[in-house]
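What follows is entry.cif (mmCIF, C-alpha atoms).
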data_model
#
loop_
_atom_site.label_atom_id
_atom_site.label_comp_id
_atom_site.auth_asym_id
_atom_site.auth_seq_id
_atom_site.Cartn_x
_atom_site.Cartn_y
_atom_site.Cartn_z
CA MET L 452 6.33 -77.19 0.91
CA LYS L 453 5.95 -78.58 -2.58
CA GLU L 454 8.86 -79.88 -4.57
CA THR L 455 10.32 -77.43 -7.07
CA PRO L 456 9.60 -78.83 -10.54
CA LEU L 457 12.26 -79.09 -13.21
CA SER L 458 12.11 -76.64 -16.07
CA ASN L 459 11.69 -77.85 -19.64
CA CYS L 460 15.27 -76.87 -20.45
CA GLU L 461 16.64 -78.96 -17.56
CA ARG L 462 14.46 -81.90 -18.52
CA ARG L 463 15.58 -81.82 -22.16
CA PHE L 464 19.21 -81.43 -21.10
CA LEU L 465 19.06 -84.48 -18.79
CA LEU L 466 17.31 -86.68 -21.35
CA ARG L 467 19.72 -85.68 -24.09
CA ALA L 468 22.71 -86.45 -21.84
CA ILE L 469 21.25 -89.88 -21.02
CA GLU L 470 20.79 -90.59 -24.72
CA GLU L 471 24.48 -89.78 -25.22
CA LYS L 472 25.35 -92.11 -22.29
CA LYS L 473 26.52 -89.25 -20.10
CA ARG L 474 25.60 -88.41 -16.51
CA LEU L 475 25.83 -85.16 -14.57
CA ASP L 476 28.23 -86.54 -11.94
CA GLY L 477 30.56 -88.11 -14.51
CA ARG L 478 29.56 -91.74 -13.89
CA GLN L 479 29.05 -94.36 -16.53
CA THR L 480 25.71 -96.04 -17.14
CA TYR L 481 26.24 -98.97 -14.73
CA ASP L 482 28.38 -97.20 -12.11
CA TYR L 483 27.36 -96.94 -8.47
CA ARG L 484 28.09 -93.89 -6.38
CA SER L 485 30.72 -94.19 -3.64
CA ILE L 486 29.48 -95.95 -0.49
CA ARG L 487 30.79 -95.03 2.94
CA VAL L 488 29.86 -96.81 6.18
CA SER L 489 30.60 -95.39 9.64
CA PHE L 490 29.59 -96.73 13.05
CA GLY L 491 28.58 -95.01 16.29
CA THR L 492 29.84 -95.68 19.77
CA ASP L 493 26.93 -98.04 20.58
CA TYR L 494 26.25 -101.33 18.86
CA GLY L 495 23.60 -101.19 16.15
CA CYS L 496 24.14 -97.53 15.18
CA CYS L 497 25.53 -96.66 11.76
CA VAL L 498 25.43 -94.02 9.01
CA VAL L 499 25.52 -95.04 5.34
CA GLU L 500 26.41 -92.49 2.68
CA LEU L 501 25.49 -93.29 -0.92
CA GLY L 502 26.93 -90.30 -2.72
CA LYS L 503 25.16 -87.39 -1.03
CA THR L 504 22.26 -89.53 0.21
CA ARG L 505 22.74 -90.21 3.92
CA VAL L 506 20.72 -92.63 6.09
CA LEU L 507 21.09 -93.18 9.83
CA GLY L 508 20.24 -96.67 11.14
CA GLN L 509 19.56 -97.53 14.78
CA VAL L 510 18.57 -100.96 16.13
CA SER L 511 16.95 -101.51 19.53
CA CYS L 512 15.49 -104.56 21.28
CA GLU L 513 12.83 -105.29 23.89
CA LEU L 514 11.33 -108.35 25.57
CA VAL L 515 7.64 -108.66 24.59
CA SER L 516 4.95 -111.28 24.27
CA PRO L 517 4.96 -113.16 20.92
CA LYS L 518 2.23 -113.24 18.36
CA LEU L 519 -0.45 -115.88 18.85
CA ASN L 520 0.16 -117.62 15.53
CA ARG L 521 3.99 -117.48 15.94
CA ALA L 522 4.62 -118.35 19.57
CA THR L 523 8.27 -119.38 19.09
CA GLU L 524 9.44 -116.58 16.79
CA GLY L 525 10.71 -113.12 17.54
CA ILE L 526 9.36 -109.95 16.00
CA LEU L 527 11.07 -107.73 13.44
CA PHE L 528 9.86 -104.16 12.95
CA PHE L 529 11.16 -101.64 10.38
CA ASN L 530 10.43 -97.94 10.37
CA LEU L 531 11.72 -95.41 7.83
CA GLU L 532 11.26 -91.67 8.46
CA LEU L 533 11.54 -88.90 5.88
CA SER L 534 12.11 -85.59 7.63
CA GLN L 535 12.25 -82.07 6.24
CA MET L 536 15.92 -81.99 7.16
CA ALA L 537 16.58 -84.33 4.23
CA ALA L 538 14.45 -82.41 1.71
CA PRO L 539 11.92 -79.58 2.13
CA ALA L 540 9.35 -81.48 0.05
CA PHE L 541 8.84 -84.07 2.82
CA GLU L 542 5.99 -83.14 5.16
CA PRO L 543 6.39 -84.00 8.87
CA GLY L 544 3.74 -86.03 10.64
CA ARG L 545 2.16 -87.32 7.44
CA GLN L 546 2.79 -90.62 5.69
CA SER L 547 3.17 -89.96 2.00
CA ASP L 548 2.74 -92.56 -0.71
CA LEU L 549 6.50 -92.70 -1.16
CA LEU L 550 7.06 -93.46 2.53
CA VAL L 551 4.46 -96.24 2.57
CA LYS L 552 5.98 -97.81 -0.55
CA LEU L 553 9.52 -97.69 0.88
CA ASN L 554 8.48 -99.24 4.20
CA ARG L 555 6.66 -102.11 2.48
CA LEU L 556 9.61 -102.74 0.21
CA LEU L 557 12.00 -102.85 3.18
CA GLU L 558 9.78 -105.36 5.01
CA ARG L 559 9.60 -107.62 1.95
CA CYS L 560 13.35 -107.34 1.42
CA LEU L 561 14.50 -108.01 5.01
CA ARG L 562 11.70 -109.72 6.91
CA ASN L 563 10.00 -111.86 4.26
CA SER L 564 13.35 -113.02 2.90
CA LYS L 565 14.11 -114.66 6.28
CA CYS L 566 17.54 -113.07 6.46
CA ILE L 567 17.39 -113.16 10.28
CA ASP L 568 16.72 -116.30 12.31
CA THR L 569 13.61 -115.22 14.22
CA GLU L 570 13.42 -118.49 16.16
CA SER L 571 16.71 -117.64 17.86
CA LEU L 572 14.98 -114.55 19.29
CA CYS L 573 12.63 -116.70 21.41
CA VAL L 574 13.35 -116.71 25.18
CA VAL L 575 10.30 -118.55 26.58
CA ALA L 576 7.91 -120.07 24.05
CA GLY L 577 4.57 -118.31 24.11
CA GLU L 578 5.66 -115.84 26.82
CA LYS L 579 8.85 -113.88 26.06
CA VAL L 580 10.53 -113.14 22.77
CA TRP L 581 12.85 -110.42 21.52
CA GLN L 582 11.35 -107.62 19.44
CA ILE L 583 14.00 -106.11 17.15
CA ARG L 584 13.17 -102.60 15.96
CA VAL L 585 15.11 -100.98 13.11
CA ASP L 586 14.67 -97.21 12.84
CA LEU L 587 15.98 -95.53 9.70
CA HIS L 588 16.22 -91.75 9.39
CA LEU L 589 16.92 -90.06 6.09
CA LEU L 590 19.44 -87.29 6.78
CA ASN L 591 19.97 -86.04 3.23
CA HIS L 592 18.10 -86.85 0.03
CA ASP L 593 19.94 -87.03 -3.27
CA GLY L 594 18.09 -89.91 -4.91
CA ASN L 595 17.89 -93.72 -4.53
CA ILE L 596 16.58 -93.81 -0.95
CA ILE L 597 15.68 -97.51 -1.02
CA ASP L 598 19.23 -98.69 -1.78
CA ALA L 599 20.78 -96.57 0.97
CA ALA L 600 18.07 -97.58 3.45
CA SER L 601 18.47 -101.32 2.74
CA ILE L 602 22.25 -101.09 3.19
CA ALA L 603 21.85 -99.12 6.43
CA ALA L 604 19.31 -101.62 7.80
CA ILE L 605 21.38 -104.73 7.14
CA VAL L 606 24.59 -103.07 8.40
CA ALA L 607 22.87 -101.98 11.62
CA LEU L 608 21.47 -105.50 12.15
CA CYS L 609 24.89 -107.10 11.60
CA HIS L 610 26.51 -104.63 13.98
CA PHE L 611 23.86 -104.95 16.71
CA ARG L 612 24.36 -106.94 19.93
CA ARG L 613 21.45 -107.89 22.18
CA PRO L 614 21.82 -108.49 25.95
CA ASP L 615 22.32 -112.04 27.12
CA VAL L 616 19.52 -113.75 29.06
CA SER L 617 19.17 -116.88 31.16
CA VAL L 618 16.04 -118.82 32.12
CA GLN L 619 15.71 -120.69 35.40
CA GLY L 620 12.23 -122.11 35.80
CA ASP L 621 9.81 -119.22 35.37
CA GLU L 622 12.45 -116.59 36.13
CA VAL L 623 14.11 -114.73 33.24
CA THR L 624 17.37 -112.94 34.06
CA LEU L 625 18.63 -110.14 31.84
CA TYR L 626 22.38 -109.44 32.06
CA ALA L 627 24.01 -106.05 31.57
CA PRO L 628 26.91 -105.71 29.10
CA GLU L 629 29.34 -105.47 32.05
CA GLU L 630 28.21 -108.85 33.41
CA ARG L 631 28.08 -110.81 30.16
CA ASP L 632 29.09 -110.00 26.63
CA PRO L 633 26.16 -109.07 24.37
CA VAL L 634 25.06 -111.63 21.80
CA PRO L 635 24.99 -110.84 18.04
CA LEU L 636 21.97 -111.67 15.92
CA SER L 637 21.86 -114.82 13.82
CA ILE L 638 21.90 -113.59 10.21
CA HIS L 639 21.65 -116.06 7.33
CA HIS L 640 22.33 -113.72 4.41
CA MET L 641 22.42 -110.00 3.55
CA PRO L 642 19.82 -108.91 0.98
CA ILE L 643 20.60 -105.57 -0.68
CA CYS L 644 18.40 -103.56 -3.04
CA VAL L 645 19.68 -102.34 -6.39
CA SER L 646 17.63 -99.76 -8.34
CA PHE L 647 17.44 -99.38 -12.12
CA ALA L 648 15.91 -96.33 -13.81
CA PHE L 649 14.41 -96.55 -17.31
CA PHE L 650 14.05 -93.66 -19.76
CA GLN L 651 12.27 -93.20 -23.08
CA GLN L 652 9.91 -96.15 -22.44
CA GLY L 653 12.70 -98.58 -21.52
CA MET L 654 15.19 -97.68 -24.26
CA TYR L 655 17.83 -96.37 -21.85
CA LEU L 656 18.90 -97.80 -18.48
CA LEU L 657 20.78 -96.28 -15.53
CA VAL L 658 21.97 -97.85 -12.28
CA ASP L 659 21.67 -95.91 -8.99
CA PRO L 660 19.78 -92.81 -10.25
CA ASN L 661 20.28 -89.56 -8.38
CA GLU L 662 17.55 -87.10 -7.44
CA ARG L 663 17.41 -85.22 -10.77
CA GLU L 664 17.48 -88.42 -12.81
CA GLU L 665 14.57 -89.78 -10.76
CA ARG L 666 12.46 -86.78 -11.77
CA VAL L 667 12.76 -87.46 -15.50
CA MET L 668 12.67 -91.28 -15.44
CA ASP L 669 9.70 -93.20 -16.84
CA GLY L 670 9.96 -96.28 -14.61
CA LEU L 671 11.93 -97.86 -11.78
CA LEU L 672 12.91 -101.49 -11.22
CA VAL L 673 14.18 -102.55 -7.75
CA ILE L 674 15.81 -105.96 -7.29
CA ALA L 675 16.76 -107.22 -3.82
CA MET L 676 19.43 -109.91 -4.00
CA ASN L 677 22.11 -111.49 -1.80
CA LYS L 678 25.67 -112.46 -2.72
CA HIS L 679 24.52 -116.00 -3.58
CA ARG L 680 22.52 -114.49 -6.49
CA GLU L 681 19.22 -115.33 -4.83
CA ILE L 682 16.49 -112.81 -5.62
CA CYS L 683 14.68 -111.86 -2.41
CA THR L 684 12.15 -109.45 -3.92
CA ILE L 685 11.56 -107.55 -7.13
CA GLN L 686 9.35 -104.54 -7.76
CA SER L 687 8.58 -102.49 -10.86
CA SER L 688 6.92 -99.08 -10.70
CA GLY L 689 6.10 -96.38 -13.20
CA GLY L 690 3.77 -98.27 -15.49
CA ILE L 691 6.28 -99.22 -18.21
CA MET L 692 6.36 -102.58 -19.99
CA LEU L 693 9.65 -104.44 -19.52
CA LEU L 694 10.81 -107.33 -21.64
CA LYS L 695 12.15 -110.60 -20.25
CA ASP L 696 15.63 -109.88 -21.55
CA GLN L 697 15.68 -106.49 -19.80
CA VAL L 698 14.80 -108.03 -16.43
CA LEU L 699 17.43 -110.78 -16.85
CA ARG L 700 20.02 -108.19 -17.81
CA CYS L 701 19.21 -106.12 -14.70
CA SER L 702 19.43 -109.22 -12.47
CA LYS L 703 22.93 -109.99 -13.75
CA ILE L 704 24.06 -106.41 -13.09
CA ALA L 705 22.47 -106.53 -9.62
CA GLY L 706 24.39 -109.74 -8.78
CA VAL L 707 27.71 -108.01 -9.49
CA LYS L 708 26.81 -104.90 -7.53
CA VAL L 709 25.51 -106.86 -4.53
CA ALA L 710 28.73 -108.89 -4.32
CA GLU L 711 30.80 -105.68 -4.26
CA ILE L 712 28.61 -104.02 -1.63
CA THR L 713 28.57 -107.13 0.58
CA GLU L 714 32.36 -107.30 0.55
CA LEU L 715 32.55 -103.61 1.50
CA ILE L 716 30.11 -104.13 4.41
CA GLN L 717 32.06 -107.12 5.75
CA LYS L 718 35.33 -105.17 5.66
CA ALA L 719 33.75 -102.25 7.51
CA LEU L 720 32.38 -104.59 10.21
CA GLU L 721 35.74 -106.32 10.61
CA ASN L 722 37.62 -103.03 10.93
CA ASP L 723 35.19 -101.75 13.57
CA GLN L 724 35.41 -104.97 15.56
CA LYS L 725 39.21 -104.88 15.40
CA VAL L 726 39.36 -101.29 16.63
CA ARG L 727 37.00 -102.05 19.54
CA LYS L 728 39.06 -105.06 20.63
CA GLU L 729 42.34 -103.13 20.50
CA GLY L 730 40.83 -100.30 22.53
CA GLY L 731 41.23 -97.70 19.82
CA LYS L 732 39.05 -94.71 19.14
CA PHE L 733 35.73 -95.35 17.41
CA GLY L 734 32.46 -93.55 16.76
CA PHE L 735 31.12 -90.91 14.42
CA ALA L 736 33.53 -88.24 15.67
CA GLU L 737 36.55 -90.35 14.78
CA SER L 738 35.19 -91.28 11.35
CA ILE L 739 35.10 -87.64 10.19
CA ALA L 740 38.15 -86.82 8.10
CA ASN L 741 40.55 -84.20 9.40
CA GLN L 742 41.67 -81.11 7.50
CA ARG L 743 38.08 -80.13 6.80
CA ILE L 744 35.78 -77.43 8.06
CA THR L 745 33.47 -80.02 9.62
CA ALA L 746 36.29 -81.72 11.53
CA PHE L 747 36.11 -81.65 15.32
CA LYS L 748 39.88 -81.33 15.72
CA MET L 749 42.99 -80.63 13.68
CA GLU L 750 46.24 -82.53 13.77
CA LYS L 751 48.92 -80.61 15.64
CA ALA L 752 51.91 -79.60 13.54
CA PRO L 753 55.30 -79.79 15.35
CA VAL L 754 57.00 -76.41 15.79
CA ASP L 755 60.74 -76.10 16.52
CA THR L 756 61.25 -73.56 19.33
CA SER L 757 64.88 -74.33 20.20
CA ASP L 758 66.55 -71.28 18.61
CA VAL L 759 63.74 -68.76 18.98
CA GLU L 760 65.74 -66.42 21.27
CA GLU L 761 68.76 -66.35 18.95
CA LYS L 762 66.60 -65.53 15.94
CA ALA L 763 64.81 -62.82 17.87
CA GLU L 764 68.14 -61.20 18.86
CA GLU L 765 69.37 -61.29 15.25
CA ILE L 766 66.17 -59.65 14.01
CA MET L 767 66.41 -56.94 16.66
CA ALA L 768 70.09 -56.29 15.86
CA GLU L 769 69.43 -55.94 12.13
CA ALA L 770 66.44 -53.67 12.59
CA GLU L 771 66.97 -49.90 12.45
CA PRO L 772 66.48 -48.02 15.71
CA PRO L 773 63.35 -45.89 15.85
CA PRO L 774 63.91 -42.15 15.24
CA GLU L 775 63.97 -40.02 18.38
CA VAL L 776 61.59 -37.27 17.34
CA ILE L 777 59.62 -35.29 19.86
CA ALA L 778 56.36 -33.99 18.51
CA GLU L 779 55.85 -30.25 18.93
CA PRO L 780 52.35 -28.86 19.36
CA VAL L 781 51.01 -26.89 16.41
CA LEU L 782 48.79 -23.92 17.25
CA TRP L 783 46.15 -23.53 14.60
CA THR L 784 43.85 -21.13 16.40
CA PRO L 785 43.87 -19.70 19.90
CA GLY L 786 42.68 -22.31 22.35
CA THR L 787 43.45 -25.35 20.11
CA ALA L 788 46.59 -27.41 19.50
CA GLN L 789 47.71 -30.46 17.50
CA ILE L 790 50.46 -32.87 18.51
CA GLY L 791 52.32 -34.99 15.97
CA GLU L 792 52.17 -35.10 12.21
CA GLY L 793 48.63 -35.43 10.97
CA VAL L 794 46.47 -34.37 8.10
CA GLU L 795 45.58 -30.78 7.61
CA ASN L 796 42.80 -29.64 9.88
CA THR L 797 39.63 -29.03 7.91
CA TRP L 798 37.68 -27.55 10.78
CA GLY L 799 36.13 -24.29 9.67
CA VAL L 800 36.28 -25.09 5.94
CA LEU L 801 32.81 -24.58 4.56
CA GLU L 802 31.20 -26.99 2.19
CA ASP L 803 29.42 -25.89 -0.99
CA SER L 804 25.98 -25.99 0.63
CA GLU L 805 27.20 -23.88 3.53
CA LYS L 806 28.87 -21.39 1.18
CA GLU L 807 25.59 -20.92 -0.67
CA GLY L 808 23.90 -20.33 2.67
CA GLU L 809 26.53 -17.75 3.55
CA ASP L 810 25.97 -15.93 0.23
CA GLU L 811 22.25 -15.78 0.90
CA GLY L 812 22.94 -14.63 4.46
CA GLY L 813 25.16 -11.84 3.08
CA SER L 814 22.31 -10.46 1.03
CA ASP L 815 20.11 -10.56 4.12
CA GLU L 816 22.46 -8.37 6.07
CA ALA L 817 21.42 -5.35 4.00
CA VAL L 818 17.90 -5.41 5.37
CA LEU L 819 18.68 -5.99 9.04
CA PRO L 820 17.25 -3.36 11.42
CA ASP L 821 19.45 -0.64 12.89
CA ASP L 822 19.65 -2.07 16.39
CA VAL L 823 21.02 -5.37 15.06
CA LYS L 824 23.61 -3.51 12.99
CA MET L 825 24.87 -1.80 16.10
CA ASP L 826 25.27 -5.13 17.87
CA THR L 827 27.25 -6.64 15.00
CA ALA L 828 29.57 -3.64 14.98
CA GLU L 829 30.27 -4.14 18.66
CA VAL L 830 31.02 -7.81 18.12
CA SER L 831 33.44 -7.07 15.26
CA ASN L 832 35.43 -4.78 17.52
CA VAL L 833 35.66 -7.46 20.17
CA GLY L 834 36.69 -10.12 17.63
CA SER L 835 39.68 -8.08 16.53
CA GLN L 836 41.30 -8.73 19.90
CA ASP L 837 43.09 -11.93 20.83
CA ALA L 838 40.40 -13.42 23.08
CA PRO L 839 37.45 -14.85 21.13
CA ILE L 840 35.03 -14.49 24.07
CA VAL L 841 32.11 -12.06 23.70
CA LEU L 842 30.53 -10.43 26.73
CA SER L 843 27.17 -8.71 26.36
CA ASP L 844 24.98 -6.92 28.90
CA SER L 845 21.83 -7.78 27.02
CA GLU L 846 19.79 -10.61 28.54
CA GLU L 847 17.60 -11.00 25.49
CA GLU L 848 20.34 -11.61 22.91
CA GLU L 849 23.27 -14.03 22.84
CA MET L 850 26.08 -13.81 20.30
CA ILE L 851 27.89 -17.02 19.23
CA ILE L 852 31.07 -16.80 17.12
CA LEU L 853 31.51 -19.91 14.99
CA GLU L 854 34.73 -18.90 13.21
CA PRO L 855 37.11 -16.90 15.37
CA ASP L 856 39.77 -15.11 13.36
CA LYS L 857 42.03 -12.12 13.79
CA ASN L 858 40.38 -10.23 10.91
CA PRO L 859 36.80 -11.50 10.82
CA LYS L 860 34.98 -10.82 7.61
CA LYS L 861 31.53 -12.11 8.48
CA ILE L 862 29.92 -12.85 11.82
CA ARG L 863 26.77 -14.90 12.04
CA THR L 864 24.33 -13.77 14.67
CA GLN L 865 21.66 -15.80 16.37
CA ILE L 866 18.75 -13.98 17.99
CA VAL L 867 17.33 -15.91 20.92
CA SER L 868 14.57 -13.53 21.98
CA ALA L 869 11.20 -14.73 20.70
CA LYS L 870 9.76 -11.21 20.66
CA GLN L 871 12.46 -9.79 18.40
CA GLU L 872 12.26 -12.86 16.12
CA LYS L 873 8.59 -12.27 15.31
CA ALA L 874 8.58 -8.47 14.79
CA PRO L 875 11.65 -7.82 12.57
CA SER L 876 11.26 -11.01 10.55
CA LYS L 877 8.09 -9.81 8.81
CA LYS L 878 9.38 -6.36 7.79
CA PRO L 879 12.53 -7.54 5.97
CA ALA L 880 10.46 -10.04 4.04
CA ARG L 881 8.23 -7.26 2.73
CA LYS L 882 11.24 -5.21 1.72
CA ARG L 883 12.66 -8.16 -0.22
CA LYS L 884 9.42 -8.59 -2.16
CA LYS L 885 9.35 -4.88 -3.05
CA LYS L 886 12.92 -4.93 -4.29
CA ARG L 887 12.28 -7.96 -6.51
CA ILE L 888 9.23 -6.34 -8.08
CA VAL L 889 11.14 -3.15 -8.85
CA ASN L 890 13.99 -5.04 -10.43
#
Output the file's structure as structure tokens, nothing else.
Amino acid sequence: MKETPLSNCERRFLLRAIEEKKRLDGRQTYDYRSIRVSFGTDYGCCVVELGKTRVLGQVSCELVSPKLNRATEGILFFNLELSQMAAPAFEPGRQSDLLVKLNRLLERCLRNSKCIDTESLCVVAGEKVWQIRVDLHLLNHDGNIIDAASIAAIVALCHFRRPDVSVQGDEVTLYAPEERDPVPLSIHHMPICVSFAFFQQGMYLLVDPNEREERVMDGLLVIAMNKHREICTIQSSGGIMLLKDQVLRCSKIAGVKVAEITELIQKALENDQKVRKEGGKFGFAESIANQRITAFKMEKAPVDTSDVEEKAEEIMAEAEPPPEVIAEPVLWTPGTAQIGEGVENTWGVLEDSEKEGEDEGGSDEAVLPDDVKMDTAEVSNVGSQDAPIVLSDSEEEEMIILEPDKNPKKIRTQIVSAKQEKAPSKKPARKRKKKRIVN
């Protein structure tokens, strides 16, 4: 599914707002969106929320053989996945240009910057080393994927614990977490990416662009830096020409933002470690705020039930007793009855369409044959009595009374015999045609 393009009106509106130093979410030019870090129950699992952009990070490890040219160093592997759950424009099972660019940028930011001591991952030189795999899944896309992914990757690596091992001769023993405490990774520094979007050929600058701002930007500058103001990598895309002063200005802004984000990450890691040591509740379920629709549970409100019986007696004493009224049956017609007070019975009241049909049926009675007239006369005599049941000796005809009444005005007859339906039906039709022509 292709991405829905922006209309010209939306594009002009966004560019005009940027020229006036205004943003759709109310931020200033150099403001970052709110960052939220939550950890799972296992070590090395975290979710980073950058505004509405959400990235899940999961770290795993495995003992493998080292590379031939690096026999004493462990292996780091990064994998970022863009699923259709994050945005319908992402195609599953196909590596787009955006995905390839993001994966390469993550490798340069985290692996080439030597933020992790890979030599500490060696177990037996040339035989066994640890392979650390970082899987990143984009859960929701609202712009600036690279910043959220870099934060999620470094947080997951800092939170991860690998199993402890021991080497005795040629035998390598791997200990479970119950036998020995897992060992954290040796991390030298925390590189974090900061993105800058340029508009109108570099005239206007925004920090942390969202999804709509990325659609109208002319170029993007990504700077990966640690809290010591050391630039780990820098990448410019979009084909715009940047001046030296612009790059230096962006590097100064990135240094401030990286220091703030690093402090936030360290506080989140300390809080999680404190909760785990104290035996408190931790995990994604506990990190969800209560009093929301997406909450798994609600806080119980205390209810005072000490004087419930007294209040109930007071309410019953003050209430008026129900009226003792016995409903009497109302006889509308013989054989029917109504109990209680209800609406007026509308059974037998004809609608307008039925009344018109009755009027037409009245005109048809004048042309009925003589034998049918005799039958209707007999029925009218029976209907004048109390019982609305009609008994007839004829096996070919059956009379049905739809509206029983003491003084019936009209009685509709239904002829069941197929022989009498065919013969008399043609003659009255001819008589009707003759009468209309005469008139």
- Message: Which residues are near segment 691-702 of chain L? Cut-off 7 Å, all atoms listed in the file, ignore same chain within fewer than 5 positions. Put them as number ranges by chain.
- Response: L: 652-653, 670
- Query: segment 565-579 of chain L: which residues within 6 Å, counting all atoms listed in the file, same-chain residues fewer than 4 positions away excluded, as number ranges by chain?
  - Reply: L: 515-516, 522-525, 637-640
Counting only C-alpha atoms, which residues of segment 527-561 of chain L sit at most 9 Å from some atom of segment 595-611 of chain L, and what is each one's closest atom pair with its distance in Å to one decimal, listed by chain and rising residue number, as a Markdown table?
| residue | atom | partner | partner_atom | distance |
| --- | --- | --- | --- | --- |
| L:Phe529 | CA | L:Ala604 | CA | 8.5 |
| L:Leu531 | CA | L:Ala600 | CA | 8.0 |
| L:Leu553 | CA | L:Ile597 | CA | 6.4 |
| L:Leu556 | CA | L:Ile597 | CA | 8.1 |
| L:Leu557 | CA | L:Ser601 | CA | 6.7 |
| L:Cys560 | CA | L:Ser601 | CA | 8.0 |
| L:Leu561 | CA | L:Ile605 | CA | 7.9 |
- Message: To test your reading of the syntax: which residues would the PyMOL selection byres ((chain L and resi 616) around 9) return for the file shown? Reply as a PyMOL selection string.
- Response: chain L and resi 574+614-615+617-618+623-626
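The gap separating atom CA of Phe541 of chain L from atom CA of Pro456 of chain L is 14.4 Å, in Å to one decimal.
Here the question is which of L:Lys678, L:Lys472, L:Lys708, L:Arg484 gets nearest to Asn661 of chain L using all atoms listed in the file, and that residue is L:Arg484.
Each of L:Ala648, L:Arg474, L:Arg613, L:Pro785 was checked against Asp632 of chain L using only C-alpha atoms; the smallest atom-to-atom distance is that of L:Arg613.
For the pair atom CA of Ile486 of chain L and atom CA of Gly502 of chain L, the separation is 6.6 Å.
Closest approach to Asp482 of chain L among L:Glu461, L:Asp723, L:Asp659, L:Glu729 is made by L:Asp659 (distances from only C-alpha atoms).
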- Rounded to one decimal in Å, what is the spacing between atom CA of Gln651 of chain L and atom CA of Gly690 of chain L? 12.5 Å
Translate the PyMOL selection byres ((chain L and resi 710) around 10) into a concrete residue list for this structure, as a PDB file with C-alpha atoms, in the frame of the given file.
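Written output follows (selection_3.pdb):
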ATOM      1  CA  ILE L 643      20.600-105.570  -0.680  1.00  0.00           C
ATOM      2  CA  MET L 676      19.430-109.910  -4.000  1.00  0.00           C
ATOM      3  CA  ASN L 677      22.110-111.490  -1.800  1.00  0.00           C
ATOM      4  CA  LYS L 678      25.670-112.460  -2.720  1.00  0.00           C
ATOM      5  CA  HIS L 679      24.520-116.000  -3.580  1.00  0.00           C
ATOM      6  CA  ARG L 680      22.520-114.490  -6.490  1.00  0.00           C
ATOM      7  CA  ALA L 705      22.470-106.530  -9.620  1.00  0.00           C
ATOM      8  CA  GLY L 706      24.390-109.740  -8.780  1.00  0.00           C
ATOM      9  CA  VAL L 707      27.710-108.010  -9.490  1.00  0.00           C
ATOM     10  CA  LYS L 708      26.810-104.900  -7.530  1.00  0.00           C
ATOM     11  CA  VAL L 709      25.510-106.860  -4.530  1.00  0.00           C
ATOM     12  CA  GLU L 711      30.800-105.680  -4.260  1.00  0.00           C
ATOM     13  CA  ILE L 712      28.610-104.020  -1.630  1.00  0.00           C
ATOM     14  CA  THR L 713      28.570-107.130   0.580  1.00  0.00           C
ATOM     15  CA  GLU L 714      32.360-107.300   0.550  1.00  0.00           C
ATOM     16  CA  LEU L 715      32.550-103.610   1.500  1.00  0.00           C
TER      17      LEU L 715
END
- Task: Using all atoms listed in the file, determine which residues lie at most 7 Å from segment 505-512 of chain L, disregarding the query and same-chain residues fewer than 3 positions distant; provide the list as a PyMOL selection string.
- Result: chain L and resi 495-501+581-592+599-600+603-604+607-608+611+613
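Every protein or nucleic acid residue with an atom no more than 12 Å from Tyr655 of chain L, counting all atoms listed in the file and leaving out same-chain residues fewer than 4 positions away, appears here: Leu466, Arg467, Ala468, Ile469, Glu470, Glu471, Lys472, Lys473, Thr480, Tyr481, Phe647, Ala648, Phe649, Phe650, Gln651, Met668, Asp669, Gly670, Leu671, Leu693 and Gln697 of chain L.
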- Query: Using all atoms listed in the file, which of the listed residues (L:Arg559, L:Pro773, L:Ser757, L:Ile766) sits closest to Ile674 of chain L?
  - Reply: L:Arg559
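Evaluated against this file, the PyMOL selection byres ((chain L and resi 666) around 10) yields Pro456, Leu457, Arg462, Leu465, Gly594, Pro660, Asn661, Glu662, Arg663, Glu664, Glu665, Val667, Met668 and Asp669 of chain L.
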- Task: Would you please work out which residue, of L:Ala763, L:Val726, L:Val673, L:Leu527, is nearest to Asn563 of chain L when using all atoms listed in the file?
- Result: L:Leu527
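Selection around (10.3, -103.0, -6.6) with radius 6 Å, counting only C-alpha atoms, yields the residues Leu672, Val673, Ile685, Gln686 and Ser687 of chain L.
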